[in-house]
Structure formats: C-alpha cells, structure tokens
$ cat coords_5.cif   # mmCIF, C-alpha atoms
data_structure
loop_
_atom_site.label_atom_id
_atom_site.label_comp_id
_atom_site.auth_asym_id
_atom_site.auth_seq_id
_atom_site.Cartn_x
_atom_site.Cartn_y
_atom_site.Cartn_z
CA MET A 244 143.44 103.32 -9.46
CA LEU A 245 141.22 106.41 -9.17
CA GLU A 246 139.15 107.85 -12.02
CA GLY A 247 139.16 111.44 -10.79
CA ALA A 248 142.74 111.77 -9.53
CA SER A 249 145.94 110.81 -11.29
CA ASN A 250 149.23 110.06 -9.55
CA PHE A 251 147.45 108.13 -6.80
CA ARG A 252 149.62 105.30 -5.54
CA ASP A 253 150.67 103.27 -2.52
CA ILE A 254 154.17 104.14 -1.34
CA GLY A 255 154.55 100.69 0.21
CA GLY A 256 156.35 97.68 -1.17
CA TYR A 257 159.89 99.04 -1.27
CA LEU A 258 162.73 97.27 0.52
CA ASN A 259 164.92 99.33 2.82
CA LEU A 260 168.65 99.04 3.45
CA HIS A 261 168.09 96.28 6.02
CA GLY A 262 165.84 94.11 3.84
CA GLN A 263 162.63 95.24 5.54
CA ARG A 264 159.67 96.05 3.31
CA VAL A 265 157.55 99.20 3.59
CA ARG A 266 154.02 98.10 4.46
CA THR A 267 151.41 98.42 1.74
CA GLY A 268 147.90 99.70 2.33
CA ARG A 269 149.03 102.24 4.93
CA VAL A 270 150.22 105.42 3.20
CA PHE A 271 149.13 106.67 -0.22
CA ARG A 272 150.19 109.69 -2.27
CA SER A 273 148.14 111.54 -4.87
CA GLU A 274 147.32 114.70 -6.73
CA HIS A 275 144.42 116.73 -5.31
CA LEU A 276 141.18 114.89 -4.54
CA ALA A 277 138.56 117.42 -5.63
CA ARG A 278 137.28 115.55 -8.70
CA LEU A 279 136.69 112.06 -7.39
CA SER A 280 133.84 109.97 -8.74
CA ALA A 281 131.38 107.91 -6.71
CA ARG A 282 133.50 104.87 -7.61
CA ASP A 283 136.58 106.69 -6.28
CA HIS A 284 134.81 107.46 -3.01
CA ALA A 285 134.00 103.76 -2.68
CA CYS A 286 137.63 102.88 -3.38
CA ILE A 287 138.87 105.33 -0.72
CA SER A 288 136.45 103.74 1.73
CA GLU A 289 137.55 100.21 0.83
CA LEU A 290 141.19 101.18 1.40
CA GLY A 291 140.22 102.29 4.91
CA ILE A 292 141.68 105.78 4.45
CA THR A 293 140.76 107.94 7.44
CA HIS A 294 142.70 111.17 6.81
CA SER A 295 143.78 113.26 3.83
CA LEU A 296 146.88 115.37 4.47
CA ASP A 297 146.78 118.39 2.16
CA PHE A 298 149.96 120.35 1.36
CA ARG A 299 148.22 122.86 -0.94
CA GLY A 300 148.32 126.60 -0.40
CA VAL A 301 145.30 128.61 0.71
CA SER A 302 144.17 129.76 -2.74
CA GLU A 303 144.73 126.31 -4.24
CA SER A 304 142.54 124.71 -1.61
CA ALA A 305 139.87 127.36 -2.06
CA ALA A 306 139.84 126.87 -5.84
CA THR A 307 139.31 123.11 -5.61
CA PRO A 308 137.86 122.22 -2.21
CA TYR A 309 136.69 118.71 -1.43
CA SER A 310 135.05 116.61 1.23
CA LEU A 311 135.39 112.84 1.39
CA PRO A 312 132.84 110.83 3.37
CA GLY A 313 134.43 109.40 6.48
CA VAL A 314 137.80 111.06 5.79
CA GLN A 315 139.16 113.89 7.93
CA HIS A 316 140.91 116.65 6.02
CA VAL A 317 144.15 117.97 7.55
CA ALA A 318 145.68 121.18 6.15
CA LEU A 319 149.50 121.18 6.04
CA THR A 320 149.81 124.41 4.11
CA ILE A 321 152.84 125.09 1.93
CA GLU A 322 152.34 127.91 -0.53
CA PRO A 323 153.44 127.27 -4.15
CA THR A 324 156.26 129.81 -4.28
CA VAL A 325 157.51 128.90 -7.75
CA ALA A 326 154.20 129.97 -9.27
CA ALA A 327 154.49 133.35 -7.55
CA ARG A 328 158.05 133.77 -8.82
CA ILE A 329 157.04 132.97 -12.40
CA GLN A 330 154.09 135.36 -12.12
CA ALA A 331 156.34 138.14 -10.84
CA LEU A 332 158.75 137.67 -13.73
CA THR A 333 156.07 137.59 -16.41
CA THR A 334 154.45 140.70 -14.92
CA GLN A 335 157.79 142.45 -15.51
CA GLY A 336 157.84 141.18 -19.09
CA ILE A 337 160.58 138.65 -18.30
CA VAL A 338 160.15 135.16 -19.72
CA PRO A 339 162.51 132.71 -18.02
CA SER A 340 164.36 130.25 -20.21
CA THR A 341 164.04 126.51 -19.71
CA LYS A 342 167.33 126.52 -17.79
CA GLU A 343 166.19 129.41 -15.58
CA THR A 344 162.86 127.68 -14.91
CA VAL A 345 164.69 124.52 -13.88
CA GLU A 346 166.76 126.60 -11.44
CA LEU A 347 163.57 128.16 -10.05
CA MET A 348 162.27 124.65 -9.39
CA ARG A 349 165.55 123.64 -7.78
CA GLN A 350 165.31 126.68 -5.50
CA THR A 351 161.75 125.69 -4.60
CA TYR A 352 163.05 122.33 -3.41
CA ARG A 353 165.81 123.98 -1.39
CA ASP A 354 163.08 126.09 0.19
CA PHE A 355 161.16 122.94 1.12
CA VAL A 356 164.20 121.89 3.13
CA ASN A 357 165.05 125.25 4.66
CA HIS A 358 161.62 126.82 5.25
CA ASN A 359 159.04 124.03 5.51
CA ALA A 360 160.71 121.50 7.79
CA THR A 361 158.18 121.98 10.59
CA VAL A 362 155.27 121.32 8.21
CA PHE A 363 156.88 118.12 7.00
CA GLY A 364 157.49 117.27 10.64
CA ARG A 365 153.77 117.61 11.31
CA PHE A 366 153.16 115.27 8.39
CA LEU A 367 155.46 112.56 9.72
CA ARG A 368 154.20 112.97 13.26
CA HIS A 369 150.60 112.63 12.08
CA LEU A 370 151.43 109.29 10.46
CA LEU A 371 152.99 108.26 13.74
CA GLU A 372 150.14 109.42 15.98
CA VAL A 373 147.26 108.24 13.77
CA PRO A 374 148.25 104.71 12.69
CA THR A 375 145.46 104.22 10.15
CA PRO A 376 145.61 104.40 6.33
CA GLN A 377 146.31 107.95 5.13
CA VAL A 378 146.61 109.78 1.82
CA PHE A 379 148.79 112.87 1.36
CA HIS A 380 148.72 115.21 -1.61
CA CYS A 381 149.26 118.67 -3.06
CA THR A 382 147.89 119.91 -6.40
CA ALA A 383 149.74 117.58 -8.80
CA GLY A 384 151.13 115.21 -6.18
CA LYS A 385 154.68 115.61 -7.43
CA ASP A 386 156.66 118.39 -5.70
CA ARG A 387 155.51 119.03 -2.13
CA THR A 388 154.12 115.50 -2.12
CA GLY A 389 157.27 114.17 -3.79
CA PHE A 390 159.55 115.66 -1.18
CA ALA A 391 157.26 114.47 1.64
CA ALA A 392 157.44 110.94 0.21
CA ALA A 393 161.23 111.22 0.01
CA LEU A 394 161.39 112.23 3.67
CA LEU A 395 159.11 109.41 4.76
CA LEU A 396 161.00 106.77 2.79
CA SER A 397 164.27 108.20 4.11
CA ALA A 398 162.96 107.90 7.67
CA LEU A 399 162.20 104.25 6.85
CA GLU A 400 165.82 103.88 5.63
CA VAL A 401 165.00 103.23 1.98
CA ASP A 402 168.00 103.94 -0.25
CA ARG A 403 168.13 107.13 -2.31
CA ALA A 404 168.13 105.39 -5.69
CA THR A 405 164.80 103.76 -4.82
CA ILE A 406 163.45 107.04 -3.46
CA GLU A 407 164.39 108.76 -6.71
CA ARG A 408 162.67 106.08 -8.80
CA ASP A 409 159.49 106.54 -6.77
CA TYR A 410 159.76 110.29 -7.19
CA LEU A 411 160.15 110.07 -10.99
CA LEU A 412 157.05 107.89 -11.32
CA SER A 413 155.04 111.13 -11.28
CA ASN A 414 156.12 111.69 -14.89
CA GLN A 415 154.24 108.50 -15.80
CA ARG A 416 151.31 108.80 -13.42
CA TYR A 417 150.37 112.49 -13.41
CA ARG A 418 147.91 113.72 -16.05
CA ARG A 419 148.46 117.41 -16.71
CA ASP A 420 145.42 119.59 -16.03
CA PRO A 421 145.26 122.82 -18.10
CA GLN A 422 142.91 124.36 -15.53
CA ALA A 423 145.60 124.07 -12.86
CA GLU A 424 148.55 125.20 -14.96
CA GLY A 425 147.89 128.93 -15.25
CA GLN A 426 149.35 131.20 -17.91
CA ALA A 427 152.97 130.77 -18.97
CA PRO A 428 154.89 129.89 -22.13
CA PRO A 429 154.80 126.18 -23.06
CA HIS A 430 158.50 125.65 -22.31
CA VAL A 431 157.98 127.02 -18.79
CA LEU A 432 154.90 124.87 -18.17
CA GLN A 433 156.76 121.82 -19.42
CA VAL A 434 159.29 122.27 -16.61
CA LEU A 435 156.77 123.22 -13.94
CA TRP A 436 154.45 120.27 -14.50
CA GLN A 437 156.96 117.45 -14.58
CA VAL A 438 159.64 116.24 -12.20
CA GLU A 439 163.38 115.99 -12.78
CA SER A 440 166.05 114.24 -10.77
CA SER A 441 167.84 117.57 -10.41
CA PHE A 442 164.89 118.99 -8.41
CA LEU A 443 165.08 116.24 -5.79
CA HIS A 444 168.88 116.35 -5.84
CA ALA A 445 168.75 120.06 -4.96
CA ALA A 446 166.75 119.22 -1.84
CA LEU A 447 168.89 116.27 -0.81
CA GLU A 448 172.12 118.20 -1.40
CA THR A 449 170.77 120.94 0.89
CA VAL A 450 169.91 118.33 3.52
CA ASP A 451 173.45 116.95 3.34
CA GLN A 452 175.44 120.16 3.01
CA LYS A 453 173.49 122.52 5.25
CA HIS A 454 171.90 120.18 7.77
CA GLY A 455 174.47 117.41 8.16
CA GLY A 456 172.61 114.59 6.42
CA MET A 457 169.13 113.11 6.50
CA ARG A 458 169.24 111.66 10.00
CA ALA A 459 170.36 115.00 11.46
CA TYR A 460 167.74 116.84 9.42
CA LEU A 461 164.92 114.57 10.61
CA ARG A 462 166.07 114.88 14.22
CA GLY A 463 166.77 118.63 13.96
CA PRO A 464 164.60 120.94 11.81
CA VAL A 465 161.90 118.31 11.14
CA GLY A 466 161.58 117.73 14.88
CA LEU A 467 161.52 113.95 15.31
CA ASN A 468 163.56 112.22 17.99
CA GLU A 469 165.14 108.78 17.89
CA HIS A 470 162.13 107.19 19.59
CA ASP A 471 159.80 108.73 16.99
CA LEU A 472 161.88 107.33 14.14
CA THR A 473 162.03 103.89 15.70
CA GLU A 474 158.27 103.90 16.30
CA LEU A 475 157.56 105.08 12.75
CA GLN A 476 159.71 102.27 11.39
CA GLY A 477 157.88 99.79 13.62
CA LEU A 478 154.53 100.94 12.26
CA LEU A 479 155.41 101.06 8.58
CA LEU A 480 158.03 98.33 8.08
CA GLN A 481 157.71 94.57 8.04
CA ASN A 482 160.46 91.95 8.03
#

$ encode --input "coords_5.cif" --output "structure tokens"
Amino acid sequence: MLEGASNFRDIGGYLNLHGQRVRTGRVFRSEHLARLSARDHACISELGITHSLDFRGVSESAATPYSLPGVQHVALTIEPTVAARIQALTTQGIVPSTKETVELMRQTYRDFVNHNATVFGRFLRHLLEVPTPQVFHCTAGKDRTGFAAALLLSALEVDRATIERDYLLSNQRYRRDPQAEGQAPPHVLQVLWQVESSFLHAALETVDQKHGGMRAYLRGPVGLNEHDLTELQGLLLQN
C-alpha cells in the first residue's frame, strides 16, 4: 500500500473465537516510516491515522527520524537486544551458527514477555484511550511489532493459529533493507531479518508457562483490567 514502507498492513478483518470481526481501518502495522513519499503521506492522511506508535530503540530512531503531517509520534522504546548480542559475539570473534542465532531470536521474544510488558501495556492502553486510526511499527515491523500485534489480537480473542498466520505475513511483506541490517554473516542476517513460528512460540510459551496464560498476562504484567479488555473489544470488534 505504501511506496516508502514495506510490511504496512491493516490488522483488521480477522474473526475471533466468538465470530466477531476485528474492525478494519482502525489499527495498522508497518516497518519504520522514515522514507515515505508524498503519495504515502497522502495515503496516511486519507486513512485518518492520527498517531504513530514507535517501538524502535533510541539509536534506531535517531538514525531514521521522521515527521508525518498531522500525525503525532509516540515513542514506546524497546531496545533491539538481539543486535547487541550478535555484536558482542562477533567482537569476540565468535560467529553464531544458524541454530544459535535462532535461539538468540527466541530469547529476544522471551525478553519481550518478561521485560517489556509495561511498554506493550502502554501500547494497548493508547489504543484504548485514543480511539482514532493508529499505526504501530519498529524498524522492520516484524518482531517488536509482531509481538505487539499478537498481544492485541489475543486481547480481541483471536485464535492463535490466525495470530501466527498474521505474524508470518512479514516474510511476504517485508523488503529487506541492507542499510538497516548491519554487519554479520549472511546466514545470521537471514535469521535476523525474517520471522519464524518458533520465535512467536517462544513468547507464547513463556506467557503460558511463566505467567499463567494470555488472560493472566494481560491483566498482570501488561497492566490491563477486565474493564479495559472489554472496552478494547468494544472499540475494535464488530458483530
């Protein structure tokens, strides 16, 4: 849909476990928005998007800043820890194997669950408190953004198979950007710049095993109460 940003898509349209459909035109996900064309700006305006919710780390945001006319930027900072771990290993002369890189990504997703719950809570609460069209993103729109989308769809009671299909769409929609990838062996970059079911499974297994399931996680570490969840469903679901 956008010329200057891949992986931009509406998360609406899915049916939840009760046959209710997630509203379209309300919440969009994307990679970063720093290279949008004039046509893209017009498209954002036509969609009525009022806020961009940015999960990028400080240095990522500084490297590719952006300003969209009529759109308020909201920083929801989550630093890209996997990149730091890879950098630390390569500095020591250690090149992780494909299997080790996959495990690093799985650990990153566990960290999303265990260390970034309050940030994801701010994300969900913002959607609740500002009921206008929003776009959320990170750098590639696949990991931090992917887990945020999984949490939102979970809060709307969409089944996990559907959530996983939405998550894996990033492999079709994201266009790899060499300028964003940094220096690492090709087999490492191949893992870092795609998504795998095992990444999301690592997060969801942590939610289930450590936090007692998604409902308990949303009401506990994420910080929403039952009224919040009901109101969010009222805003973003239709019969």

$ resolve_selection --input "coords_5.cif" --expression "the PyMOL selection byres ((chain A and resi 429-434) around 10)" --output "compact mmCIF listing (two decimals) with C-alpha atoms, in the coordinates of the input"
# COMPACT_ATOMS: atom_id res chain seq x y z
CA ILE A 329 157.04 132.97 -12.40
CA VAL A 338 160.15 135.16 -19.72
CA PRO A 339 162.51 132.71 -18.02
CA SER A 340 164.36 130.25 -20.21
CA THR A 341 164.04 126.51 -19.71
CA LYS A 342 167.33 126.52 -17.79
CA GLU A 343 166.19 129.41 -15.58
CA THR A 344 162.86 127.68 -14.91
CA VAL A 345 164.69 124.52 -13.88
CA LEU A 347 163.57 128.16 -10.05
CA MET A 348 162.27 124.65 -9.39
CA ARG A 419 148.46 117.41 -16.71
CA PRO A 421 145.26 122.82 -18.10
CA GLU A 424 148.55 125.20 -14.96
CA GLY A 425 147.89 128.93 -15.25
CA GLN A 426 149.35 131.20 -17.91
CA ALA A 427 152.97 130.77 -18.97
CA PRO A 428 154.89 129.89 -22.13
CA LEU A 435 156.77 123.22 -13.94
CA TRP A 436 154.45 120.27 -14.50
CA GLN A 437 156.96 117.45 -14.58
CA VAL A 438 159.64 116.24 -12.20
CA GLU A 439 163.38 115.99 -12.78

$ closest_residue --input "coords_5.cif" --among "A:Leu371, A:Phe363, A:Val325, A:Asp297" --to "A:Gly477" --atoms "all atoms listed in the file"
A:Leu371

$ atom_distance --input "coords_5.cif" --atom1 "atom CA of A:Ala360" --atom2 "atom CA of A:Val465"
4.8 Å

$ residues_around --input "coords_5.cif" --residues "A:Ile321" --least-positions-apart "3" --cutoff "10 Å" --atoms "all atoms listed in the file" --output "list in words"
Asp297, Phe298, Arg299, Gly300, Val301, Ala318, Thr324, Phe355, His358, Asn359, Val362, Phe363, Cys381 and Arg387 of chain A

$ closest_residue --input "coords_5.cif" --among "A:Pro323, A:Gly364, A:Pro464, A:Gly291" --to "A:Val378" --atoms "all atoms listed in the file"
A:Gly291

$ resolve_selection --input "coords_5.cif" --expression "the PyMOL selection byres ((chain A and resi 270) around 8)" --output "list in words"
Asp253, Ile254, Gly255, Thr267, Gly268, Arg269, Phe271, Arg272, Pro376, Gln377, Val378 and Phe379 of chain A

$ resolve_selection --input "coords_5.cif" --expression "the PyMOL selection byres ((chain A and resi 251) around 7)" --output "JSON, numbers by chain"
{"A": [244, 245, 248, 249, 250, 252, 271, 272, 273, 274]}

$ closest_residue --input "coords_5.cif" --among "A:Pro374, A:Pro312, A:Gly247, A:Gly256" --to "A:Ile406" --atoms "all atoms listed in the file"
A:Gly256

$ atom_distance --input "coords_5.cif" --atom1 "atom CA of A:Ala392" --atom2 "atom CA of A:Tyr410"
7.8 Å

$ residues_around --input "coords_5.cif" --residues "A:Leu467" --least-positions-apart "4" --cutoff "9 Å" --atoms "all atoms listed in the file" --output "list of chain:residue names"
A:Gly364, A:Leu367, A:Arg368, A:Leu461, A:Arg462, A:Gly463, A:Asp471, A:Leu472

$ closest_residue --input "coords_5.cif" --among "A:Leu296, A:Ala305, A:Ile337, A:Val356" --to "A:Leu319" --atoms "only C-alpha atoms"
A:Leu296
